[in-house]
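Scroll down for the structure; my scribbles are underneath it.
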Amino acid sequence: MIELNNVSKSFTLHNQGSAVIPVMEGASLSVKPGECVGLIGASGAGKSTLMRVIYGNYLAASGSVMVGGTDVATAEPREILELRRHTLGYVSQFLRVVPRVATLDVVAEPLLAVGTPVDAARDKAASLLAQLNIPERLWGLSPTTFSGGEQQRVNIARGFAHDYPALLLDEPTASLDAQNRATVLELITGAKARGAAIVGIFHDEAAREQVCDRFIDVSAFTPRSAA
Amino acid sequence: MTPLLQVKNVAKMYGARIGCTDVSFDLYPGEVMGIVGESGSGKSTLLNSLAGHLTPDRGEVIFDTRADGPVDTVTMSEPQRRMLSRTDWAFVHQHARDGLRMSVSAGGNIGERLMAVGDRHYGSIRERAADWLGRVEIADSRIDDRPSAFSGGMQQRLQIARNLVTGPRLVFMDEPTGGLDVSVQARLLDLLRGLVREMGLSAIIVTHDLAVVRLLADRLMVMKDGHVVESGLTDQVLDDPQHGYTQLLVSSVLQV
């Protein structure tokens, strides 16, 4: 489902004397449907970078990033948008929403984008929010005013609203209490059971042992010159 | 799929000075494209050249018309272009006053565009005007008030209603949230996003506000001195800018 082949990434800082910083080299990995792969490595080793390269908000310098038949490294913006709408979900660490939009609608939005009828989308959103213990009285409010943990859970609900065949999870259990953490792990297990290919970053060791089938140490992709 | 709009090598000169040059892109149905750049970078010139307000000196602007398929709007006749701008196109000006008739009631402003495409039944025009006022969150009771009695944010929303009532397929927006306070801006963004999704609109939005494009636009084009220096997926251009100018632009944004 997700297949990276010899991917490299560098940043060129034009405003600092065109310094070129290589951050990733020879990254290859493959994730099959129903499999969850955990990215490990020290902070700054490039876990999030790799994830962003897969999602397409970082441009790979070379190599191929195949997700469900689309090469994210070379695809047109239109193709990537289509891929993100139907195939590739991403739960980032930050919630980015239009202010003033109700939480329920924020969570239902990915479903509306793939053409789910409004009522069905809102029902699914409501059940996810309930599962993640967001009190119903908050559903009509914008999540911009919520606490960090609540925003994180809204973000997760949004990421799991549509059944994406491929999912990227950037620390989904960070800043959650035990009960909510268990719910999130359940959601991940459920997604695996329906055949989703998952790439995740988990700092929480117990969590990653529970859901990940294997691990990839991204420090293997750190360019030698930089190390 | 046929692109809704194909722009090929468009250039507009002001005498010897470059307005914008070598601009090419395809816009597909349902896509929202943002154009960013500092003032004087040629983004408004480009928008006006695309929308037929200025005549480009070079290049083609090919629009996929309902009746005849793709047609170059630069070389089409003036009446044809006018018809297009009343039916399939809409233009939201930065200053609502430029896009509204200030001496005609709010309902009249919306109805005028309906009448321009042949609607004649007073009752149904008024009904649709009231419906659109509701959609842009202006109270029914204000239908007979003149826009001069409206606040800036309300005028901007009225302008949007006036433009969208005829069900256009392509909307040009020049700084649609410029000069509005942030709470009104958020409301307008929400409204625009909903309309884009419900009506399947394509839109080209010129702005200098990167936060606005991040929330509204699928794709982004960065302009400097009349040239497009970078284009691509919005979050890719903002998170991983490749061109020096874009890097400067992104790193100059104040964090709130």
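Each chain in the structure tokens gets a letter, A, B, ..., in the order shown, and its residues are numbered from 1; ligands are numbered from 1 in order too.
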Set out as JSON lines a contact list for chain A and chain B with a cut-off of 7 Å, giving each residue of chain A that qualifies its closest atom pair and distance in Å to one decimal, counting only C-alpha atoms, ordered by chain and rising residue number.
{"residue": "A:His14", "atom": "CA", "partner": "B:Gly244", "partner_atom": "CA", "distance": 4.7}
{"residue": "A:Asn15", "atom": "CA", "partner": "B:Gly244", "partner_atom": "CA", "distance": 6.2}
{"residue": "A:Gly56", "atom": "CA", "partner": "B:Gln236", "partner_atom": "CA", "distance": 6.6}
{"residue": "A:Asn57", "atom": "CA", "partner": "B:Gln236", "partner_atom": "CA", "distance": 3.8}
{"residue": "A:Tyr58", "atom": "CA", "partner": "B:Asp240", "partner_atom": "CA", "distance": 5.4}
{"residue": "A:Leu59", "atom": "CA", "partner": "B:Asp240", "partner_atom": "CA", "distance": 6.9}
{"residue": "A:Pro77", "atom": "CA", "partner": "B:Leu233", "partner_atom": "CA", "distance": 5.1}
{"residue": "A:Val98", "atom": "CA", "partner": "B:Asp190", "partner_atom": "CA", "distance": 6.3}
{"residue": "A:Pro99", "atom": "CA", "partner": "B:Ala186", "partner_atom": "CA", "distance": 5.6}
{"residue": "A:Arg100", "atom": "CA", "partner": "B:Ala186", "partner_atom": "CA", "distance": 6.7}
{"residue": "A:Val101", "atom": "CA", "partner": "B:Asp190", "partner_atom": "CA", "distance": 6.9}
For the selection just defined, write its residues with N, CA, C and O atoms to a file, as a tab-separated table (two decimals), in the first residue's frame.
chain	number	residue	atom	x	y	z
A	14	HIS	N	17.81	29.37	1.00
A	14	HIS	CA	18.29	30.40	0.09
A	14	HIS	C	18.67	31.68	0.81
A	14	HIS	O	19.48	32.45	0.33
A	15	ASN	N	18.03	31.91	1.96
A	15	ASN	CA	18.30	33.17	2.64
A	15	ASN	C	19.44	33.05	3.65
A	15	ASN	O	19.72	33.99	4.38
A	56	GLY	N	3.20	14.28	1.37
A	56	GLY	CA	3.36	15.18	0.23
A	56	GLY	C	3.50	16.63	0.59
A	56	GLY	O	3.57	17.47	-0.29
A	57	ASN	N	3.53	16.97	1.89
A	57	ASN	CA	3.78	18.39	2.16
A	57	ASN	C	5.28	18.70	2.23
A	57	ASN	O	5.66	19.86	2.25
A	58	TYR	N	6.12	17.66	2.22
A	58	TYR	CA	7.53	17.87	1.93
A	58	TYR	C	7.82	17.23	0.58
A	58	TYR	O	7.34	16.13	0.30
A	59	LEU	N	8.60	17.92	-0.22
A	59	LEU	CA	8.90	17.46	-1.56
A	59	LEU	C	10.14	16.57	-1.51
A	59	LEU	O	11.20	17.00	-1.08
A	77	PRO	N	-0.49	18.37	-8.12
A	77	PRO	CA	-1.25	18.71	-6.92
A	77	PRO	C	-2.65	18.07	-6.93
A	77	PRO	O	-3.13	17.58	-5.91
A	98	VAL	N	-10.75	26.01	10.19
A	98	VAL	CA	-11.32	27.32	10.00
A	98	VAL	C	-11.99	27.71	11.33
A	98	VAL	O	-12.75	26.93	11.87
A	99	PRO	N	-11.67	28.88	11.87
A	99	PRO	CA	-12.28	29.28	13.13
A	99	PRO	C	-13.81	29.31	12.99
A	99	PRO	O	-14.32	29.47	11.88
A	100	ARG	N	-14.50	29.11	14.09
A	100	ARG	CA	-15.96	29.27	14.11
A	100	ARG	C	-16.71	28.04	13.60
A	100	ARG	O	-17.93	28.00	13.68
A	101	VAL	N	-16.04	27.05	13.02
A	101	VAL	CA	-16.75	25.86	12.54
A	101	VAL	C	-16.95	24.91	13.71
A	101	VAL	O	-16.02	24.65	14.47
Residues flagged strand (DSSP E) by DSSP in stretch 131-176 of chain A, as a VMD selection string:
chain A and resid 166 to 170
Per-residue nearest contacts stretch 103-146 of chain B to stretch 166-179 of chain B, cut-off 12 Å, using only C-alpha atoms, as CSV:
residue,atom,partner,partner_atom,distance
B:Ile110,CA,B:Thr166,CA,9.2
B:Gly111,CA,B:Thr166,CA,9.7
B:Glu112,CA,B:Thr166,CA,10.3
B:Arg113,CA,B:Thr166,CA,7.0
B:Leu114,CA,B:Thr166,CA,6.3
B:Met115,CA,B:Thr166,CA,9.8
B:Ala116,CA,B:Thr166,CA,9.5
B:Val117,CA,B:Thr166,CA,8.0
B:Gly118,CA,B:Thr166,CA,10.6
B:Asp119,CA,B:Thr166,CA,10.2
B:Ile125,CA,B:Thr166,CA,11.1
B:Arg128,CA,B:Thr166,CA,10.0
B:Ala129,CA,B:Thr166,CA,10.7
B:Trp132,CA,B:Thr166,CA,10.6
Could those residues be written to a file, using all heavy atoms, as a short mmCIF file (atom, residue, chain, number, x, y, z; two decimals), in the first residue's frame?
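Below is the file that was written, out_6.cif:
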data_model
loop_
_atom_site.label_atom_id
_atom_site.label_comp_id
_atom_site.auth_asym_id
_atom_site.auth_seq_id
_atom_site.Cartn_x
_atom_site.Cartn_y
_atom_site.Cartn_z
N ILE B 110 -28.85 41.77 -5.46
CA ILE B 110 -28.82 40.35 -5.81
C ILE B 110 -29.70 40.10 -7.04
O ILE B 110 -29.33 39.38 -7.96
CB ILE B 110 -29.29 39.49 -4.62
CG1 ILE B 110 -28.37 39.73 -3.42
CG2 ILE B 110 -29.29 38.02 -4.99
CD1 ILE B 110 -28.76 38.98 -2.18
N GLY B 111 -30.87 40.75 -7.04
CA GLY B 111 -31.82 40.54 -8.12
C GLY B 111 -31.32 41.02 -9.47
O GLY B 111 -31.63 40.44 -10.50
N GLU B 112 -30.50 42.06 -9.43
CA GLU B 112 -30.01 42.63 -10.68
C GLU B 112 -29.26 41.59 -11.51
O GLU B 112 -29.41 41.49 -12.72
CB GLU B 112 -29.08 43.81 -10.38
CG GLU B 112 -28.67 44.53 -11.65
CD GLU B 112 -27.56 45.53 -11.42
OE1 GLU B 112 -26.87 45.43 -10.39
OE2 GLU B 112 -27.40 46.40 -12.28
N ARG B 113 -28.46 40.77 -10.81
CA ARG B 113 -27.69 39.77 -11.52
C ARG B 113 -28.60 38.69 -12.10
O ARG B 113 -28.37 38.15 -13.17
CB ARG B 113 -26.64 39.16 -10.59
CG ARG B 113 -25.44 38.73 -11.38
CD ARG B 113 -24.20 38.50 -10.65
NE ARG B 113 -23.67 37.20 -11.06
CZ ARG B 113 -22.55 37.00 -11.71
NH1 ARG B 113 -21.80 38.02 -12.06
NH2 ARG B 113 -22.15 35.80 -12.03
N LEU B 114 -29.68 38.39 -11.38
CA LEU B 114 -30.64 37.41 -11.88
C LEU B 114 -31.34 37.94 -13.12
O LEU B 114 -31.56 37.24 -14.10
CB LEU B 114 -31.67 37.08 -10.80
CG LEU B 114 -31.18 36.15 -9.68
CD1 LEU B 114 -32.20 36.12 -8.55
CD2 LEU B 114 -30.93 34.75 -10.21
N MET B 115 -31.69 39.25 -13.06
CA MET B 115 -32.38 39.85 -14.21
C MET B 115 -31.47 39.91 -15.43
O MET B 115 -31.93 39.76 -16.56
CB MET B 115 -32.89 41.25 -13.85
CG MET B 115 -34.06 41.18 -12.88
SD MET B 115 -34.56 42.79 -12.28
CE MET B 115 -35.26 43.50 -13.77
N ALA B 116 -30.17 40.08 -15.17
CA ALA B 116 -29.21 40.14 -16.27
C ALA B 116 -29.15 38.83 -17.05
O ALA B 116 -28.75 38.80 -18.20
CB ALA B 116 -27.83 40.50 -15.74
N VAL B 117 -29.52 37.73 -16.39
CA VAL B 117 -29.52 36.47 -17.12
C VAL B 117 -30.93 36.04 -17.50
O VAL B 117 -31.18 34.90 -17.85
CB VAL B 117 -28.82 35.32 -16.32
CG1 VAL B 117 -27.36 35.64 -16.14
CG2 VAL B 117 -29.49 35.07 -14.98
N GLY B 118 -31.89 36.99 -17.41
CA GLY B 118 -33.19 36.73 -18.01
C GLY B 118 -34.33 36.45 -17.05
O GLY B 118 -35.46 36.24 -17.48
N ASP B 119 -34.06 36.46 -15.72
CA ASP B 119 -35.17 36.26 -14.78
C ASP B 119 -36.07 37.49 -14.78
O ASP B 119 -35.59 38.61 -14.77
CB ASP B 119 -34.61 36.05 -13.37
CG ASP B 119 -34.74 34.62 -12.91
OD1 ASP B 119 -35.83 34.07 -13.09
OD2 ASP B 119 -33.76 34.08 -12.37
N ILE B 125 -37.63 36.33 -7.96
CA ILE B 125 -36.35 37.02 -7.78
C ILE B 125 -36.18 37.42 -6.32
O ILE B 125 -35.14 37.20 -5.70
CB ILE B 125 -36.26 38.28 -8.69
CG1 ILE B 125 -36.15 37.85 -10.16
CG2 ILE B 125 -35.07 39.14 -8.31
CD1 ILE B 125 -36.18 39.00 -11.14
N ARG B 128 -35.45 34.39 -4.14
CA ARG B 128 -34.06 33.91 -4.23
C ARG B 128 -33.10 34.88 -3.56
O ARG B 128 -32.11 34.48 -2.96
CB ARG B 128 -33.66 33.67 -5.68
CG ARG B 128 -34.32 32.42 -6.23
CD ARG B 128 -33.93 32.15 -7.65
NE ARG B 128 -32.53 31.77 -7.80
CZ ARG B 128 -31.96 31.62 -8.99
NH1 ARG B 128 -32.64 31.83 -10.08
NH2 ARG B 128 -30.70 31.25 -9.07
N ALA B 129 -33.40 36.18 -3.68
CA ALA B 129 -32.56 37.17 -3.01
C ALA B 129 -32.60 36.95 -1.51
O ALA B 129 -31.57 36.96 -0.82
CB ALA B 129 -33.03 38.58 -3.37
N TRP B 132 -30.57 33.93 -0.54
CA TRP B 132 -29.12 34.17 -0.54
C TRP B 132 -28.67 35.08 0.60
O TRP B 132 -27.58 34.93 1.11
CB TRP B 132 -28.66 34.69 -1.90
CG TRP B 132 -28.25 33.54 -2.75
CD1 TRP B 132 -29.02 32.88 -3.65
CD2 TRP B 132 -27.00 32.86 -2.70
NE1 TRP B 132 -28.32 31.83 -4.18
CE2 TRP B 132 -27.07 31.80 -3.62
CE3 TRP B 132 -25.82 33.04 -1.97
CZ2 TRP B 132 -26.01 30.92 -3.82
CZ3 TRP B 132 -24.77 32.17 -2.18
CH2 TRP B 132 -24.87 31.13 -3.09
#
Would you list the contacts of A:Asn5 as a VMD selection string, taking every protein, DNA or RNA residue within 10 Å and counting only C-alpha atoms, but skipping same-chain residues closer than 4 positions in sequence?
chain A and resid 26 to 30 62 to 66
Saved selection, atoms kept: C-alpha atoms, as a compact mmCIF listing (two decimals), in the first residue's frame:
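So result.txt came out as:
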# COMPACT_ATOMS: atom_id res chain seq x y z
CA GLY A 26 18.20 6.12 0.79
CA ALA A 27 14.94 5.76 2.69
CA SER A 28 13.04 2.65 1.64
CA LEU A 29 10.12 1.00 3.33
CA SER A 30 7.03 -0.93 2.47
CA SER A 62 14.72 11.89 -5.33
CA GLY A 63 13.26 8.40 -5.21
CA SER A 64 9.67 7.30 -5.39
CA VAL A 65 6.89 7.46 -2.79
CA MET A 66 4.12 5.17 -3.96
Could you please determine the separation between atom CA of B:Thr207 and atom CA of A:Ser18 in Å, to one decimal place?
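Answer for the atom CA of B:Thr207 to atom CA of A:Ser18 separation: 27.8 Å.
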